[in-house]
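query.txt, holding compact mmCIF, C-alpha atoms:
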# COMPACT_ATOMS: atom_id res chain seq x y z
CA MET A 1 -40.62 20.14 -3.50
CA GLY A 2 -39.44 23.53 -2.24
CA THR A 3 -35.78 24.35 -1.98
CA LYS A 4 -34.20 24.79 1.44
CA THR A 5 -33.29 28.38 2.19
CA ARG A 6 -29.64 28.82 3.04
CA ARG A 7 -29.05 30.77 6.21
CA SER A 8 -26.89 33.85 5.93
CA PRO A 9 -23.55 33.56 7.78
CA LEU A 10 -24.27 36.98 9.31
CA VAL A 11 -26.94 35.42 11.55
CA ASP A 12 -24.69 32.59 12.73
CA TRP A 13 -24.28 32.50 16.52
CA THR A 14 -20.49 32.66 16.21
CA VAL A 15 -20.93 36.08 14.56
CA LEU A 16 -23.76 37.42 16.71
CA VAL A 17 -22.46 36.39 20.14
CA PRO A 18 -19.14 38.30 20.00
CA VAL A 19 -20.95 41.42 18.78
CA VAL A 20 -23.58 41.15 21.54
CA ALA A 21 -20.85 40.55 24.14
CA LEU A 22 -18.98 43.63 22.89
CA VAL A 23 -22.16 45.72 23.11
CA ALA A 24 -22.66 44.47 26.68
CA LEU A 25 -19.10 45.55 27.43
CA VAL A 26 -19.71 49.06 26.05
CA PHE A 27 -22.83 49.59 28.14
CA SER A 28 -21.39 48.05 31.33
CA TRP A 29 -17.89 49.62 31.29
CA GLY A 30 -17.19 51.74 34.35
CA ARG A 31 -20.66 51.31 35.86
CA ASP A 32 -21.90 49.71 39.07
CA LEU A 33 -23.95 46.78 37.85
CA PRO A 34 -26.98 45.34 39.64
CA GLY A 35 -27.24 41.61 40.12
CA PRO A 36 -29.39 40.77 37.06
CA VAL A 37 -27.08 42.75 34.77
CA VAL A 38 -24.04 40.95 36.19
CA VAL A 39 -25.69 37.63 35.31
CA LEU A 40 -26.41 38.89 31.78
CA VAL A 41 -22.82 40.06 31.30
CA ALA A 42 -21.56 36.72 32.61
CA LEU A 43 -23.72 34.90 30.03
CA CYS A 44 -22.27 37.11 27.30
CA LEU A 45 -18.81 36.29 28.65
CA ALA A 46 -19.47 32.54 28.39
CA GLY A 47 -20.84 32.90 24.86
CA ALA A 48 -17.83 34.98 23.80
CA VAL A 49 -15.50 32.25 25.11
CA LEU A 50 -17.22 29.59 22.97
CA ALA A 51 -17.17 31.87 19.92
CA ALA A 52 -13.47 32.61 20.47
CA VAL A 53 -12.68 28.90 20.48
CA HIS A 54 -14.59 28.39 17.23
CA HIS A 55 -12.87 31.24 15.40
CA ALA A 56 -9.47 30.23 16.76
CA GLU A 57 -9.97 26.77 15.26
CA VAL A 58 -10.94 28.26 11.90
CA VAL A 59 -7.80 30.40 11.86
CA ALA A 60 -5.67 27.48 13.04
CA HIS A 61 -7.03 25.27 10.27
CA ARG A 62 -6.07 27.92 7.72
CA VAL A 63 -2.55 28.73 8.93
CA GLY A 64 -1.69 25.28 10.33
CA GLU A 65 0.25 24.36 13.44
CA PRO A 66 1.98 25.68 15.42
CA PHE A 67 0.83 29.09 14.15
CA GLY A 68 -2.82 28.46 15.07
CA SER A 69 -2.16 27.85 18.76
CA LEU A 70 0.35 30.71 18.78
CA ILE A 71 -2.22 33.20 17.48
CA LEU A 72 -4.74 32.27 20.17
CA ALA A 73 -2.17 32.31 22.98
CA VAL A 74 -0.73 35.69 21.99
CA ALA A 75 -4.12 37.30 21.38
CA VAL A 76 -5.47 36.22 24.76
CA THR A 77 -2.30 37.24 26.59
CA VAL A 78 -2.11 40.70 25.03
CA ILE A 79 -5.64 41.46 26.16
CA GLU A 80 -4.96 39.84 29.56
CA VAL A 81 -2.05 42.23 30.02
CA ALA A 82 -4.31 45.17 29.19
CA LEU A 83 -6.80 43.94 31.80
CA ILE A 84 -4.10 43.63 34.49
CA VAL A 85 -2.70 47.09 33.79
CA THR A 86 -6.20 48.60 33.80
CA LEU A 87 -7.11 46.99 37.12
CA MET A 88 -3.80 48.03 38.68
CA ALA A 89 -4.24 51.62 37.51
CA ASP A 90 -7.71 51.75 39.10
CA GLY A 91 -7.00 49.74 42.25
CA GLY A 92 -4.09 51.50 43.94
CA ASP A 93 -2.04 49.68 46.61
CA LYS A 94 -4.54 46.83 47.01
CA THR A 95 -3.65 45.61 43.50
CA ALA A 96 0.14 45.70 44.08
CA SER A 97 0.31 41.90 43.83
CA LEU A 98 -2.34 41.46 41.12
CA ALA A 99 0.19 40.96 38.29
CA ARG A 100 2.09 38.34 40.29
CA ASP A 101 -1.08 36.52 41.38
CA THR A 102 -2.59 36.49 37.89
CA VAL A 103 0.61 35.43 36.11
CA PHE A 104 1.34 32.66 38.61
CA ALA A 105 -2.27 31.50 38.42
CA ALA A 106 -1.93 31.39 34.62
CA VAL A 107 1.23 29.28 34.92
CA MET A 108 -0.41 26.80 37.29
CA ILE A 109 -3.63 26.60 35.27
CA THR A 110 -1.83 26.06 31.96
CA CYS A 111 0.98 23.75 33.12
CA ASN A 112 -1.23 21.64 35.37
CA GLY A 113 -4.87 22.27 34.45
CA ILE A 114 -4.77 22.45 30.66
CA VAL A 115 -1.93 19.93 30.38
CA GLY A 116 -3.56 17.54 32.86
CA VAL A 117 -7.01 17.61 31.26
CA SER A 118 -5.52 17.28 27.77
CA LEU A 119 -3.49 14.24 28.81
CA LEU A 120 -6.53 12.70 30.48
CA VAL A 121 -8.66 13.20 27.38
CA GLY A 122 -5.91 11.98 25.06
CA ALA A 123 -5.24 8.90 27.18
CA LEU A 124 -8.93 8.07 27.45
CA ARG A 125 -9.23 8.21 23.67
CA ASN A 126 -6.09 6.23 22.83
CA ARG A 127 -4.94 4.64 26.13
CA VAL A 128 -1.70 6.63 25.70
CA ALA A 129 -1.37 10.33 24.85
CA VAL A 130 1.49 10.83 22.39
CA PHE A 131 3.39 14.08 21.78
CA ASN A 132 6.79 15.50 20.82
CA PRO A 133 9.11 15.59 23.86
CA GLU A 134 11.60 17.85 22.04
CA GLY A 135 9.23 20.77 21.53
CA SER A 136 7.23 20.35 24.73
CA GLY A 137 10.39 19.96 26.81
CA ALA A 138 11.88 23.12 25.32
CA ALA A 139 8.67 24.99 26.07
CA LEU A 140 8.70 23.75 29.68
CA ALA A 141 12.32 24.87 30.11
CA THR A 142 11.34 28.33 28.87
CA VAL A 143 8.40 28.51 31.28
CA ALA A 144 10.58 27.42 34.22
CA THR A 145 13.27 30.00 33.41
CA LEU A 146 10.82 32.85 32.91
CA ALA A 147 8.94 32.00 36.12
CA THR A 148 12.14 31.80 38.16
CA LEU A 149 13.60 35.06 36.82
CA SER A 150 10.36 37.01 37.20
CA LEU A 151 8.51 35.46 40.15
CA VAL A 152 11.08 33.70 42.36
CA LEU A 153 14.15 35.96 42.34
CA PRO A 154 12.28 39.07 43.64
CA THR A 155 11.75 37.23 46.93
CA PHE A 156 15.51 36.90 47.47
CA THR A 157 16.96 40.12 46.02
CA THR A 158 18.11 42.71 48.57
CA SER A 159 18.13 46.00 46.64
CA LYS A 160 14.60 46.78 47.88
CA PRO A 161 12.75 45.51 50.95
CA GLY A 162 10.02 42.99 50.35
CA PRO A 163 9.41 40.82 47.29
CA GLU A 164 10.18 43.64 44.86
CA PHE A 165 12.69 44.30 42.11
CA SER A 166 14.69 47.48 41.93
CA THR A 167 14.26 49.52 38.75
CA ALA A 168 17.42 48.06 37.22
CA GLN A 169 16.42 44.49 38.17
CA LEU A 170 12.91 44.95 36.79
CA THR A 171 14.36 46.29 33.55
CA PHE A 172 16.66 43.27 33.26
CA ALA A 173 13.77 40.86 33.94
CA ALA A 174 11.63 42.61 31.30
CA VAL A 175 14.37 42.51 28.64
CA ALA A 176 15.24 38.89 29.44
CA SER A 177 11.56 37.90 29.27
CA LEU A 178 11.11 39.52 25.87
CA ALA A 179 14.34 37.97 24.56
CA LEU A 180 13.36 34.47 25.69
CA TYR A 181 9.85 34.87 24.33
CA GLY A 182 11.16 36.04 20.95
CA LEU A 183 13.68 33.19 20.81
CA PHE A 184 10.99 30.65 21.64
CA ILE A 185 8.71 31.99 18.88
CA ALA A 186 11.57 31.82 16.37
CA VAL A 187 12.34 28.22 17.29
CA GLN A 188 8.68 27.19 17.35
CA THR A 189 7.68 28.71 14.03
CA VAL A 190 10.86 28.67 11.92
CA ARG A 191 14.01 26.84 12.92
CA HIS A 192 12.52 23.76 14.65
CA ARG A 193 8.89 23.95 13.71
CA ASP A 194 8.74 20.16 13.31
CA TYR A 195 9.29 19.75 17.06
CA PHE A 196 5.87 21.32 17.69
CA LEU A 197 3.84 19.42 15.11
CA ARG A 198 1.40 16.64 15.81
CA VAL A 199 2.74 13.11 16.31
CA ASP A 200 0.86 10.44 14.36
CA ILE A 201 -0.56 7.55 16.34
CA GLN A 202 -1.26 4.03 15.24
CA PRO A 203 -3.00 1.31 17.25
CA ASP A 204 -0.69 -1.42 18.51
CA PRO A 205 -2.25 -4.70 17.28
CA ALA A 206 -0.82 -6.59 20.26
CA THR A 207 -2.18 -4.38 23.02
CA GLY A 208 -4.76 -2.13 21.36
CA SER A 209 -3.02 0.92 22.78
CA ALA A 210 -1.76 3.87 20.75
CA ALA A 211 1.82 4.02 19.53
CA ALA A 212 3.67 6.89 17.96
CA ALA A 213 4.29 6.60 14.25
CA GLY A 214 7.11 9.09 14.57
CA SER A 215 8.15 12.29 16.28
CA GLY A 216 9.84 15.50 15.31
CA ALA A 217 10.91 15.56 11.68
CA ALA A 218 10.10 11.88 11.27
CA ALA A 219 6.40 12.34 11.87
CA ASP A 220 4.00 13.41 9.19
CA PRO A 221 1.83 15.94 11.04
CA GLY A 222 -0.78 16.09 8.33
CA ARG A 223 -1.67 12.39 8.42
CA SER A 224 -3.21 10.09 10.97
CA ALA A 225 -3.04 6.32 10.80
CA ASP A 226 -6.62 5.82 9.65
CA PRO A 227 -8.57 9.07 9.47
CA SER A 228 -11.64 7.35 8.06
CA ALA A 229 -11.92 5.20 11.18
CA ASP A 230 -12.66 8.12 13.46
CA PRO A 231 -14.89 11.05 12.46
CA ASP A 232 -12.98 13.33 14.83
CA ARG A 233 -9.85 12.86 12.72
CA GLN A 234 -11.57 13.63 9.44
CA GLU A 235 -11.77 17.33 10.23
CA GLY A 236 -8.01 17.66 9.93
CA HIS A 237 -8.30 16.43 6.32
CA ALA A 238 -11.12 18.80 5.32
CA ALA A 239 -10.30 21.60 2.93
CA PRO A 240 -8.97 24.61 4.84
CA PRO A 241 -11.16 27.74 4.91
CA THR A 242 -10.59 30.44 2.34
CA ALA A 243 -8.34 33.38 3.12
CA ARG A 244 -11.41 35.63 3.35
CA ALA A 245 -13.14 33.29 5.84
CA ALA A 246 -9.96 33.06 7.90
CA LEU A 247 -9.58 36.85 8.01
CA ILE A 248 -13.21 37.24 9.09
CA SER A 249 -12.69 34.66 11.82
CA LEU A 250 -9.48 36.41 12.91
CA GLY A 251 -11.37 39.69 13.27
CA LEU A 252 -14.22 38.00 15.15
CA LEU A 253 -11.65 36.19 17.34
CA LEU A 254 -10.20 39.54 18.40
CA VAL A 255 -13.69 40.94 19.02
CA ALA A 256 -14.58 37.88 21.11
CA LEU A 257 -11.36 38.10 23.15
CA VAL A 258 -11.83 41.81 23.81
CA ALA A 259 -15.35 41.00 24.96
CA VAL A 260 -14.10 38.13 27.17
CA VAL A 261 -11.54 40.25 28.99
CA GLY A 262 -13.70 43.38 29.07
CA ASP A 263 -16.72 41.54 30.41
CA ALA A 264 -14.45 39.86 32.96
CA LYS A 265 -13.39 43.31 34.12
CA ALA A 266 -17.04 44.41 34.22
CA VAL A 267 -17.93 41.61 36.62
CA SER A 268 -14.65 41.88 38.58
CA PRO A 269 -16.08 44.34 41.19
CA THR A 270 -18.75 41.78 41.97
CA ILE A 271 -16.07 39.09 42.19
CA GLU A 272 -13.89 41.25 44.46
CA ALA A 273 -16.86 42.05 46.69
CA ALA A 274 -17.80 38.37 46.92
CA VAL A 275 -14.20 37.41 47.74
CA ALA A 276 -13.98 40.07 50.46
CA LYS A 277 -17.37 39.11 51.89
CA ALA A 278 -16.34 35.46 52.05
CA GLY A 279 -13.15 36.42 53.88
CA LEU A 280 -10.91 34.92 51.20
CA PRO A 281 -7.39 36.16 50.40
CA GLN A 282 -7.02 38.90 47.78
CA ALA A 283 -4.96 36.47 45.65
CA VAL A 284 -8.19 34.61 44.85
CA VAL A 285 -9.16 37.53 42.59
CA GLY A 286 -6.09 36.87 40.42
CA VAL A 287 -6.98 33.18 40.26
CA ILE A 288 -10.53 33.92 39.11
CA ILE A 289 -9.32 36.41 36.49
CA ALA A 290 -6.85 33.86 35.13
CA LEU A 291 -9.53 31.16 35.03
CA LEU A 292 -11.87 33.43 33.07
CA VAL A 293 -9.23 34.67 30.64
CA LEU A 294 -7.84 31.17 29.97
CA LEU A 295 -11.22 29.61 29.20
CA PRO A 296 -10.76 29.90 25.41
CA GLU A 297 -7.39 28.12 25.51
CA THR A 298 -8.74 25.47 27.86
CA LEU A 299 -11.69 24.59 25.65
CA ALA A 300 -9.56 24.68 22.50
CA ALA A 301 -6.96 22.40 24.10
CA VAL A 302 -9.56 19.86 25.23
CA ARG A 303 -11.16 19.78 21.79
CA ALA A 304 -7.74 19.29 20.19
CA ALA A 305 -7.00 16.39 22.56
CA ARG A 306 -10.32 14.78 21.66
CA ARG A 307 -9.23 14.91 18.02
CA HIS A 308 -5.97 13.12 18.76
CA ARG A 309 -3.92 16.33 18.70
CA VAL A 310 -2.35 16.32 22.14
CA GLN A 311 0.67 18.19 20.79
CA THR A 312 -1.60 21.07 19.80
CA SER A 313 -3.01 21.05 23.35
CA LEU A 314 0.50 21.24 24.82
CA ASN A 315 1.40 24.03 22.39
CA LEU A 316 -1.59 25.98 23.67
CA ALA A 317 -0.79 25.31 27.33
CA TYR A 318 2.92 26.09 27.35
CA GLY A 319 2.58 28.82 24.74
CA SER A 320 0.03 30.58 26.93
CA ALA A 321 2.27 30.27 30.00
CA ILE A 322 5.28 31.65 28.11
CA ALA A 323 3.27 34.50 26.63
CA SER A 324 1.69 35.28 29.99
CA ILE A 325 5.08 35.85 31.63
CA GLY A 326 7.03 37.02 28.59
CA LEU A 327 4.53 39.75 27.72
CA THR A 328 3.12 40.66 31.14
CA ILE A 329 6.42 41.40 32.90
CA PRO A 330 7.67 43.84 30.22
CA ALA A 331 4.26 45.52 30.10
CA ILE A 332 4.12 45.87 33.87
CA ALA A 333 7.70 47.17 33.90
CA LEU A 334 6.71 49.85 31.39
CA ALA A 335 3.48 50.64 33.22
CA SER A 336 5.34 51.00 36.53
CA ILE A 337 6.63 54.35 35.22
CA TRP A 338 3.23 55.88 35.87
CA LEU A 339 1.64 53.39 38.27
CA SER A 340 1.82 54.48 41.88
CA GLY A 341 2.48 52.13 44.77
CA PRO A 342 4.67 49.03 45.11
CA LEU A 343 4.91 46.25 42.55
CA LEU A 344 5.08 42.92 44.37
CA LEU A 345 6.38 40.14 42.12
CA GLY A 346 8.06 37.63 44.45
CA LEU A 347 6.24 34.44 45.35
CA GLY A 348 5.82 33.16 48.89
CA PRO A 349 7.25 29.84 50.12
CA VAL A 350 4.10 27.81 49.43
CA HIS A 351 3.83 28.99 45.84
CA MET A 352 7.53 28.41 45.24
CA VAL A 353 7.13 24.81 46.41
CA LEU A 354 4.18 24.36 44.05
CA LEU A 355 6.15 25.87 41.17
CA ALA A 356 9.09 23.54 41.83
CA LEU A 357 6.74 20.55 42.04
CA THR A 358 5.11 21.58 38.76
CA VAL A 359 8.46 21.80 36.97
CA VAL A 360 9.66 18.42 38.27
CA VAL A 361 6.38 16.62 37.51
CA SER A 362 6.15 18.24 34.07
CA ALA A 363 9.72 17.22 33.20
CA LEU A 364 8.99 13.61 34.15
CA THR A 365 5.72 13.70 32.18
CA LEU A 366 7.25 15.10 28.99
CA ALA A 367 10.51 13.15 28.87
CA PRO A 368 9.09 9.88 27.40
CA GLY A 369 6.94 11.60 24.77
CA ARG A 370 3.88 9.63 25.90
CA ALA A 371 1.63 9.78 28.94
CA THR A 372 -1.14 7.76 30.55
CA LEU A 373 -4.08 8.65 32.74
CA LEU A 374 -1.75 8.66 35.74
CA GLN A 375 0.32 11.61 34.52
CA GLY A 376 -2.81 13.58 33.69
CA GLY A 377 -4.24 12.85 37.14
CA VAL A 378 -1.02 13.96 38.87
CA HIS A 379 -1.16 17.35 37.13
CA ILE A 380 -4.82 17.78 38.07
CA VAL A 381 -4.01 17.03 41.73
CA VAL A 382 -1.22 19.64 41.72
CA LEU A 383 -3.67 22.22 40.33
CA ALA A 384 -6.25 21.21 42.94
CA ALA A 385 -3.65 21.72 45.67
CA TYR A 386 -2.88 25.19 44.31
CA LEU A 387 -6.54 26.19 44.17
CA PHE A 388 -7.22 24.81 47.67
CA LEU A 389 -4.24 26.63 49.16
CA ALA A 390 -5.27 29.85 47.39
CA VAL A 391 -8.58 29.70 49.22
CA SER A 392 -7.14 28.31 52.47
CA PRO A 393 -3.51 29.45 52.77
Show how you would write the structure in this file as structure tokens.
Amino acid sequence: MGTKTRRSPLVDWTVLVPVVALVALVFSWGRDLPGPVVVLVALCLAGAVLAAVHHAEVVAHRVGEPFGSLILAVAVTVIEVALIVTLMADGGDKTASLARDTVFAAVMITCNGIVGVSLLVGALRNRVAVFNPEGSGAALATVATLATLSLVLPTFTTSKPGPEFSTAQLTFAAVASLALYGLFIAVQTVRHRDYFLRVDIQPDPATGSAAAAGSGAAADPGRSADPSADPDRQEGHAAPPTARAALISLGLLLVALVAVVGDAKAVSPTIEAAVAKAGLPQAVVGVIIALLVLLPETLAAVRAARRHRVQTSLNLAYGSAIASIGLTIPAIALASIWLSGPLLLGLGPVHMVLLALTVVVSALTLAPGRATLLQGGVHIVVLAAYLFLAVSP
């Protein structure tokens, strides 16, 4: 009997797809693309998203939580910021509100879309989705503060006409955003890391629903109640990848993310033309960009929720929202030195109402440390309202 030939890892799709997507980016950058090429680039974009999720999970398995979700959130946000700055530099006055629209869209997608879907998946798997209210609540408070300082206050300040900050106000917002982001990272990864680790769940023999085995420092994040009973839980007990494999995946993750954001920029003229032709508001472009850029986090969060790791999903969601504001506002403040035209940051009344609703609903969801299908559905409805009003203001 012949021996089975082992396939080289160099021909694995998770290696080839990011490279192909990056090549597509190189050949499409700065060019007017015909329809068939746009479709090809979009396919490369989708493949790069799936590859990014795979490599993010490999890295996360090696470094453990919450570092794994932090790496993915920061990597995506850094490249998202580069995309926003690039589009604003090329777009002139018509992109004056692009940073605001994209950042707010990221907040709504993460705090309602990713959180809502993760809670739905977690509740469907265990009847109740269980997580750490201490860590998730602290993350929500950080998101609410950053969003208010950076996106709400510009509407009410009087130093400049319109929803703009003065130079001094923008500098303060940038410094405050960086300080809060740095403080959150320190708390999440060092001082109170246990608040952001997975809560164990055990089936309640009386009701069949899931119950928390512990939270915060009391929970053992590395153990589930019966990992052998569910194949999805067994992965968390597999041997972590080697340092070499993790470094390779980290490099391929960065390649995939560059390809995701670059290919998104390559197809953005087609998106902008389609939005204009359909008579939709310019803010829809920011929504679409945020949806494309946040695809890796969304898929990673859903897969984590399916594996009974709702806390990891929440880490991804709120970590991405915090990074989106905490890194974008300082970058835009720095870029405003050479960017011409106004920088509109203040939200309108409708978006402020949606932001306030999101904060209130999220606080009520996170406070008990457990959620059902209802809470997940409420978040999805809030996101649906945002998307509908973006198209039909």
**Item:** Val152 of chain A surroundings by all atoms listed in the file, 12 Å radius, close-in-sequence under 2 positions cut, as an MDAnalysis selection string
**Value:** chainID A and resid 100 104 144:150 154:157 163:165 173 344:356
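Interatomic distance, atom CA of Ala273 of chain A against atom CA of Leu87 of chain A: 14.5 Å.
Straight-line separation from atom CA of Ala390 of chain A to atom CA of Val117 of chain A: 20.3 Å.
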**Residue nearest Ala60 of chain A - candidates A:Val121, A:Leu366, A:Ala243, A:Leu343, atoms counted: all atoms listed in the file** = A:Ala243
Counting all atoms listed in the file, give me one row per residue of segment 39-145 of chain A with an atom at most 12 Å from an atom of segment 300-310 of chain A, showing the shortest contact pair and its distance in Å to one decimal, sorted by chain then residue number, as a Markdown table.
| residue | atom | partner | partner_atom | distance |
| --- | --- | --- | --- | --- |
| A:Val49 | CA | A:Ala300 | CA | 10.0 |
| A:Leu50 | CA | A:Ala300 | CA | 9.1 |
| A:Ala51 | CA | A:Ala300 | CA | 10.8 |
| A:Ala52 | CA | A:Ala300 | CA | 9.1 |
| A:Val53 | CA | A:Ala300 | CA | 5.6 |
| A:His54 | CA | A:Ala300 | CA | 8.2 |
| A:His55 | CA | A:Ala300 | CA | 10.2 |
| A:Ala56 | CA | A:Ala300 | CA | 8.0 |
| A:Glu57 | CA | A:Ala300 | CA | 7.5 |
| A:Val58 | CA | A:Ala300 | CA | 11.3 |
| A:Ala60 | CA | A:Ala300 | CA | 10.6 |
| A:His61 | CA | A:Ala304 | CA | 11.6 |
| A:Glu65 | CA | A:Arg309 | CA | 10.5 |
| A:Pro66 | CA | A:Arg309 | CA | 11.5 |
| A:Gly68 | CA | A:Ala300 | CA | 10.7 |
| A:Ser69 | CA | A:Ala300 | CA | 8.9 |
| A:Leu72 | CA | A:Ala300 | CA | 9.3 |
| A:Ala73 | CA | A:Ala300 | CA | 10.6 |
| A:Thr110 | CA | A:Ala301 | CA | 10.1 |
| A:Gly113 | CA | A:Ala301 | CA | 10.6 |
| A:Ile114 | CA | A:Ala301 | CA | 6.9 |
| A:Val115 | CA | A:Ala301 | CA | 8.4 |
| A:Gly116 | CA | A:Val302 | CA | 10.0 |
| A:Val117 | CA | A:Val302 | CA | 6.9 |
| A:Ser118 | CA | A:Val302 | CA | 5.4 |
| A:Leu119 | CA | A:Val310 | CA | 7.1 |
| A:Leu120 | CA | A:Ala305 | CA | 8.8 |
| A:Val121 | CA | A:Ala305 | CA | 6.0 |
| A:Gly122 | CA | A:Ala305 | CA | 5.2 |
| A:Ala123 | CA | A:Ala305 | CA | 9.0 |
| A:Leu124 | CA | A:Arg306 | CA | 9.0 |
| A:Arg125 | CA | A:Arg306 | CA | 7.0 |
| A:Asn126 | CA | A:His308 | CA | 8.0 |
| A:Arg127 | CA | A:His308 | CA | 11.3 |
| A:Val128 | CA | A:Val310 | CA | 10.3 |
| A:Ala129 | CA | A:Val310 | CA | 6.6 |
| A:Val130 | CA | A:Val310 | CA | 6.7 |
| A:Phe131 | CA | A:Val310 | CA | 6.2 |
| A:Asn132 | CA | A:Val310 | CA | 9.3 |
| A:Pro133 | CA | A:Val310 | CA | 11.6 |
| A:Ser136 | CA | A:Val310 | CA | 10.7 |
Now that the selection is made, can you save its residues with C-alpha atoms as a JSON list (two decimals), keeping the file's coordinate frame?
[["chain", "number", "residue", "atom", "x", "y", "z"],
["A", 49, "VAL", "CA", -15.50, 32.25, 25.11],
["A", 50, "LEU", "CA", -17.22, 29.59, 22.97],
["A", 51, "ALA", "CA", -17.17, 31.87, 19.92],
["A", 52, "ALA", "CA", -13.47, 32.61, 20.47],
["A", 53, "VAL", "CA", -12.68, 28.90, 20.48],
["A", 54, "HIS", "CA", -14.59, 28.39, 17.23],
["A", 55, "HIS", "CA", -12.87, 31.24, 15.40],
["A", 56, "ALA", "CA", -9.47, 30.23, 16.76],
["A", 57, "GLU", "CA", -9.97, 26.77, 15.26],
["A", 58, "VAL", "CA", -10.94, 28.26, 11.90],
["A", 60, "ALA", "CA", -5.67, 27.48, 13.04],
["A", 61, "HIS", "CA", -7.03, 25.27, 10.27],
["A", 65, "GLU", "CA", 0.25, 24.36, 13.44],
["A", 66, "PRO", "CA", 1.98, 25.68, 15.42],
["A", 68, "GLY", "CA", -2.82, 28.46, 15.07],
["A", 69, "SER", "CA", -2.16, 27.85, 18.76],
["A", 72, "LEU", "CA", -4.74, 32.27, 20.17],
["A", 73, "ALA", "CA", -2.17, 32.31, 22.98],
["A", 110, "THR", "CA", -1.83, 26.06, 31.96],
["A", 113, "GLY", "CA", -4.87, 22.27, 34.45],
["A", 114, "ILE", "CA", -4.77, 22.45, 30.66],
["A", 115, "VAL", "CA", -1.93, 19.93, 30.38],
["A", 116, "GLY", "CA", -3.56, 17.54, 32.86],
["A", 117, "VAL", "CA", -7.01, 17.61, 31.26],
["A", 118, "SER", "CA", -5.52, 17.28, 27.77],
["A", 119, "LEU", "CA", -3.49, 14.24, 28.81],
["A", 120, "LEU", "CA", -6.53, 12.70, 30.48],
["A", 121, "VAL", "CA", -8.66, 13.20, 27.38],
["A", 122, "GLY", "CA", -5.91, 11.98, 25.06],
["A", 123, "ALA", "CA", -5.24, 8.90, 27.18],
["A", 124, "LEU", "CA", -8.93, 8.07, 27.45],
["A", 125, "ARG", "CA", -9.23, 8.21, 23.67],
["A", 126, "ASN", "CA", -6.09, 6.23, 22.83],
["A", 127, "ARG", "CA", -4.94, 4.64, 26.13],
["A", 128, "VAL", "CA", -1.70, 6.63, 25.70],
["A", 129, "ALA", "CA", -1.37, 10.33, 24.85],
["A", 130, "VAL", "CA", 1.49, 10.83, 22.39],
["A", 131, "PHE", "CA", 3.39, 14.08, 21.78],
["A", 132, "ASN", "CA", 6.79, 15.50, 20.82],
["A", 133, "PRO", "CA", 9.11, 15.59, 23.86],
["A", 136, "SER", "CA", 7.23, 20.35, 24.73]]
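We find atom CA of Leu180 of chain A and atom CA of Ala259 of chain A to be spaced 29.5 Å apart.
Contact shell of Asp32 of chain A at 12 Å (all atoms listed in the file; same-chain neighbours under 4 positions omitted): A:Phe27, A:Ser28, A:Pro36, A:Val37, A:Val38, A:Lys265, A:Ala266, A:Val267, A:Ser268, A:Pro269, A:Thr270, A:Ala273.
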How would the residues just picked look written out with C-alpha atoms as a compact mmCIF listing (two decimals), keeping the file's coordinate frame?
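See again.txt below for the written result:
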# COMPACT_ATOMS: atom_id res chain seq x y z
CA PHE A 27 -22.83 49.59 28.14
CA SER A 28 -21.39 48.05 31.33
CA PRO A 36 -29.39 40.77 37.06
CA VAL A 37 -27.08 42.75 34.77
CA VAL A 38 -24.04 40.95 36.19
CA LYS A 265 -13.39 43.31 34.12
CA ALA A 266 -17.04 44.41 34.22
CA VAL A 267 -17.93 41.61 36.62
CA SER A 268 -14.65 41.88 38.58
CA PRO A 269 -16.08 44.34 41.19
CA THR A 270 -18.75 41.78 41.97
CA ALA A 273 -16.86 42.05 46.69
**Asked** Which residues come within 10 Å of segment 15-19 of chain A, counting only C-alpha atoms, excluding same-chain residues fewer than 6 positions away, as a PyMOL selection string?
**Response** chain A and resi 9+25+44-52+55+248-249+252-260
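Proximity ranking of A:Gly182, A:Cys111, A:Met88, A:Ala168 relative to Gly376 of chain A places A:Cys111 first, based on all atoms listed in the file.
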**Ref. answer, residues at most 12 Å from (-4.5, 26.4, 31.9) with only C-alpha atoms, as a VMD selection string** = chain A and resid 73 102 to 118 287 290 to 302 313 to 322 324 379 to 380 383
**Request:** Rank nothing, just name the residue among A:Gly262, A:Gly326, A:Gly251, A:Pro34 nearest to Leu151 of chain A, using all atoms listed in the file.
**Result:** A:Gly326
Could I get segment 98-115 of chain A from the block written as a PDB file, in the first residue's frame, with C-alpha atoms?
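As written to disk, result34.pdb reads:
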ATOM      1  CA  LEU A  98     -15.506  60.283   6.055  1.00  0.00           C
ATOM      2  CA  ALA A  99     -13.608  59.773   9.337  1.00  0.00           C
ATOM      3  CA  ARG A 100     -16.722  60.523  11.392  1.00  0.00           C
ATOM      4  CA  ASP A 101     -18.965  58.316   9.253  1.00  0.00           C
ATOM      5  CA  THR A 102     -16.540  55.386   9.249  1.00  0.00           C
ATOM      6  CA  VAL A 103     -15.743  55.552  12.968  1.00  0.00           C
ATOM      7  CA  PHE A 104     -19.398  55.848  13.963  1.00  0.00           C
ATOM      8  CA  ALA A 105     -20.295  53.011  11.609  1.00  0.00           C
ATOM      9  CA  ALA A 106     -17.565  50.913  13.255  1.00  0.00           C
ATOM     10  CA  VAL A 107     -19.008  51.674  16.703  1.00  0.00           C
ATOM     11  CA  MET A 108     -22.537  50.710  15.664  1.00  0.00           C
ATOM     12  CA  ILE A 109     -21.416  47.572  13.828  1.00  0.00           C
ATOM     13  CA  THR A 110     -19.242  46.348  16.692  1.00  0.00           C
ATOM     14  CA  CYS A 111     -21.462  47.305  19.653  1.00  0.00           C
ATOM     15  CA  ASN A 112     -24.695  46.152  18.024  1.00  0.00           C
ATOM     16  CA  GLY A 113     -23.841  43.902  15.078  1.00  0.00           C
ATOM     17  CA  ILE A 114     -20.941  41.833  16.400  1.00  0.00           C
ATOM     18  CA  VAL A 115     -22.260  41.840  19.973  1.00  0.00           C
TER      19      VAL A 115
END
